[in-house]
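Everything on this sheet refers to the single structure shown next.
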Amino acid sequence: MSRVLLMAALYVFAGLTWGQELKPLNPALIDNKWHAAWVACPDAPQKDLGVFYFRKEITLQSVPTHFWVHVSADNRFLLHVNGQYVGEGPSRGDLFHWRFETIDLAPMLRAGKNVLAATVWNFGTRAPVAQMSNRSGFMLQGDTKAEESADTDPSWQVKQEPGHGLAAQNGVSGYYAAGPGERVDGRSTNWDWDAPSVADASSWHAVEVVGHAAMREAQDADNNWELVQDRIPAMEHRLVDAGKPVRVDGLAATPEFPEQPLEIPANTHVTLLLDHGVLQTAYPELTVSGGRDAEIQLTYAEALYDEQGNKGNRNEIAGRHIEGVSDEFISDGGERRSFQPLWWRTWRYLQIDVTTKAAPLRLEKLNAWFNAYPFQEKASISGDIPDLKMLWETGWRTARLCAHETYMDAPYWEQLQYVGDTRIQALVSYAMTGDSRLARQAITNIEASIVSEGITQSRYPSRLPQFIPPFSLLWVDMLHDYWMYVDDEPLVRETLPRTRGVIDWYASHLRPDGLMGRVKWWEFGDWTSGYVDGNPPQEADGGSTFLTVQFIEALRDAGELEKQYGSHERAAAYEEMIRKASDALNRINWDARYGVYADTPAKKSYSQQANVLAVWQDVAPKAEQAGILRRVLASQEEKPTTLAGKAVPPMSAMSYYFRFYLSRALEHAGLADLYVDQLTPWYDMLKLGLTTWAEKPEPTRSDCHAWSASPNYDLLTVVAGIHPDAAGFAKVRIEPHLGRLHEMHASMPHERGAIETDYKRDENGWAATVVLPDGLSGTLVWQGREHSLHTGTQTFHLPDIKHE
């Protein structure tokens with residue numbers, strides 16, 4: 001078999017987005033130790049803070065078509081070739097799944113001498129919580145003999161950077177788990193680390209060899225980094241603007257910087273506030289000249305604060321100040337010195353504080369390099385929903401900024417891949433982009449966190465273990481979601497056995513009556529007034545409606561997978577647990593006085609969340625479901641109310657996050673025509689000037705939170721009605737819920753092409769057009785009646801529905 005055919009056989013990447021370019025990997029590297037070594041800086045700290053430069057010159061007779069190398073580092077690397085950026089990484093994982101990036105250097109190579117240079121850093125104990133680590137190190141391996149000259153070995157040189165450290169504090173209040181601010185003293189910085197030649201060659205030393213690199217399959221590896229190839233694409237890296245000046249102190253007039261250079265006199269303090277208009281994630285790059293000893297501080301914030309510490313309207317500037325993560329830079333007086341932190345920042349507002357000393361400083365330019373997972377928006381929607389374009393764009397921006405090398409709950413505050421957020425993010429990705437690669441990596445990342453008890457951690461990668469057992473159930477549900485949207489049977493088969501540990505652990509905590517007993521750790525359900533610290537109410541021995549129904553959902557999803565690929569005996573056992581738990585909820589936790597489920601058998605509290613789940617998971621009898629949801633929507637948090645003459649008790653209200661599950665319940669109960677009326681919380685955020693969706697209502701810590709981006713998914717699946725109707729999206733089911741709308745057009749990507757729907761109301765009902773790509777069939781459902789769909793264009797006239 002030729003090498004090309006063998007590589008093709010080995011490069012079967014299940015679950016890839018259509019048209020994805022494969023990354024090469026020489027089969028000889030899979031189960032052998034590599035020629036390349038992990039290398040480090042001798043006499044430098046192994047695990048503490050350190051920034052290092054690695055460098056090697058190679059000579060080429062001609063420029064090759066491709067020059068593929070596999071690169072990794074601990075914590076991270078930034079790779080340049082001949083002074084130009086070519087890549088960064090690695091994507092985060094744990095030591096048993098330490099990723100390497102595969103990069104083609106050819107576009108930056110030239111005939112003759114070439115300089116390969118990498119910045120590698122370890123932030124030690126101040127690294128982001130998502131950053132796991134062994135020790136500082138760097139590795140580069142050519143894919144074949146043709147690239148072997150680049151391999152890391154004793155011929156590489158290294159130098160520790162003395163001028164790069166960390167800011168004394170992060171400058172934020174509230175839980176913060178992302179990376180630290182940085183402090184760079186340009187007076188002791190090595191500015192020529194990636195230049196054709198270095199000024200002080202004697203300060204560079206031969207690297208220390210730590211041990212040969214090896215993949216997970218290799219026998220008896222030399223070190224703790226068990227390498228796996230990163231399957232996701234490189235992050236998007238493009239030039240964008242940093243913001244426009246909106247306020248200045250210390251100058252007579254507002255300058256045009258960053259569009260034009262800005263000269264700051266000696267012995268002057270200037271504060272310049274920039275507003276980007278919308279939130280973004282990017283690497284800021286500030287270029288300055290002169291001004292030796294000048295101190296420059298860049299502060300990044302999602303919003304400004306008033307004197308009471310409130311954000312208020314995000315567009316307001318007067319009487320407000322900035323608080324946030326800051327980077328610091330001291331100028332050495334050189335010409336066109338560029339400062340860029342080692343990790344991207346999140347900001348709408350960026351404040352530049354400059355204090356010059358004896359010499360004037362010239363701010364030459366401020367660039368911003370946008371950084372996020374390279375999702376491409378392929379879905380679209382239009383119609384007469386008020387401010388639909390703004391809702392859609394804000395949701396898309398939220399989804400993008402919360403997706404990098406992993407999904408993230410919040411790009412500013414935590415940058416952690418929580419399962420509760422990630423499930424929703426993955427569904428948004430499937431529906432809006434058709435790209436399942438990041439979701440696939442999320443599923444396997446969370447799987448890697450499973451502990452001996454059988455459950456997952458709540459977030460992963462994470463060097464600080466945290467357990468939210470309900471998120472283990474959501475991971476099971478997430479695998480089921482993936483199964484429905486993505487044609488990737490191998491991953492589902494491989495992962496299914498791991499779901500059994502989650503189910504079995506939960507089953508061991510069931511009470512004899514079938515309700516969920518007390519479990520360990522943090523039983524988070526939602527941020528709401530009646531859930532202390534997010535925990536649904538329980539009694540001494542459990543009995544929570546919320547937690548029991550959440551287990552039912554995971555049993556149902558896991559049972560479907562077991563029937564298809566696993567154990568029919570397990571599937572039957574899951575069905576019996578569902579039956580017993582549902583019966584107990586209806587006997588013990590149902591409160592006939594109000595026509596809703598109580599939080600516990602004691603019937604002392606009630607929540608919207610528990611009732612939403614009970615409807616969605618068919619715990620509630622079909623005839624009761626619509627009435628329960630109407631009472632949920634009519635309920636108030638602080639006091640009882642009535643609906644149609646029946647008392648409704650106070651109920652803990654849903655957060656933005658949990659309204660994702662409300663949408664599922666409305667659709668399930670035949671009330672999805674009410675969906676558009678449920679968008680009020682998102683309209684309220686727009687009125688506050690938010691450009692991404694917040695974590696929770698005011699006062700909110702995070703202005704950009706992934707779990708609040710569900711309306712984009714809902715608009716496509718609930719309103720436009722587009723759903724997979726078979727595993728791997730082999731069939732489509734279209735059941736629109738148009739309510740009082742007059743027109744709606746929506747498009748959702750599919751592996752075979754776009755699924756298009758168009759609805760226009762006329763005096764007799766709706767003129768509907770559906771276009772399916774080649775090879776896809778399905779069903780259109782309207783008022784309970786099914787119409788067959790086939791490849792190509794088809795039109796229907798649908799009778800109108802009377803609305804209350």
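By order of appearance in the structure tokens: chains A, B, ..., then residues from 1 within every chain, and ligands from 1 in the order shown.
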Would you mind listing what lies within 12 Å of A:Thr717 as an NGL selection string, with only C-alpha atoms counted and same-chain residues fewer than 3 positions away left out?
-> :A and (379 or 381 or 427-428 or 430-432 or 660 or 663-664 or 667 or 672 or 675 or 710-714 or 720-725 or 732-738 or 746-748 or 755 or 757)
Can you tell me, as a ChimeraX atom specification, what residues are no more than 9 Å from A:Leu350 when counting only C-alpha atoms, ignoring any on the same chain fewer than 6 positions away?
-> /A:242-243,272-276,298-302,322
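Of the listed residues (A:Thr394, A:Asn190, A:Ser449, A:Asn267), A:Thr394 comes nearest to A:Asp703; the distances count only C-alpha atoms.
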Separation of atom CA of A:Leu166 and atom CA of A:Pro180, in Å?
->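 Straight-line distance from atom CA of A:Leu166 to atom CA of A:Pro180 works out to 6.7 Å.
All residues of protein, DNA or RNA that reach within 9 Å of A:Gln457, judged by only C-alpha atoms and not counting those fewer than 5 positions away in the chain, are Tyr418, Val419, Ile446, Glu447, Ser449, Ile450, Val451, Ser462, Pro465, Gln466, Phe467, Ile468, Pro469, Phe471 and Ser472 of chain A.
Shortest atom-to-atom contact with A:Asp774 among A:Ser326, A:Ser197, A:Ser62, A:Thr793: A:Thr793, counting only C-alpha atoms.
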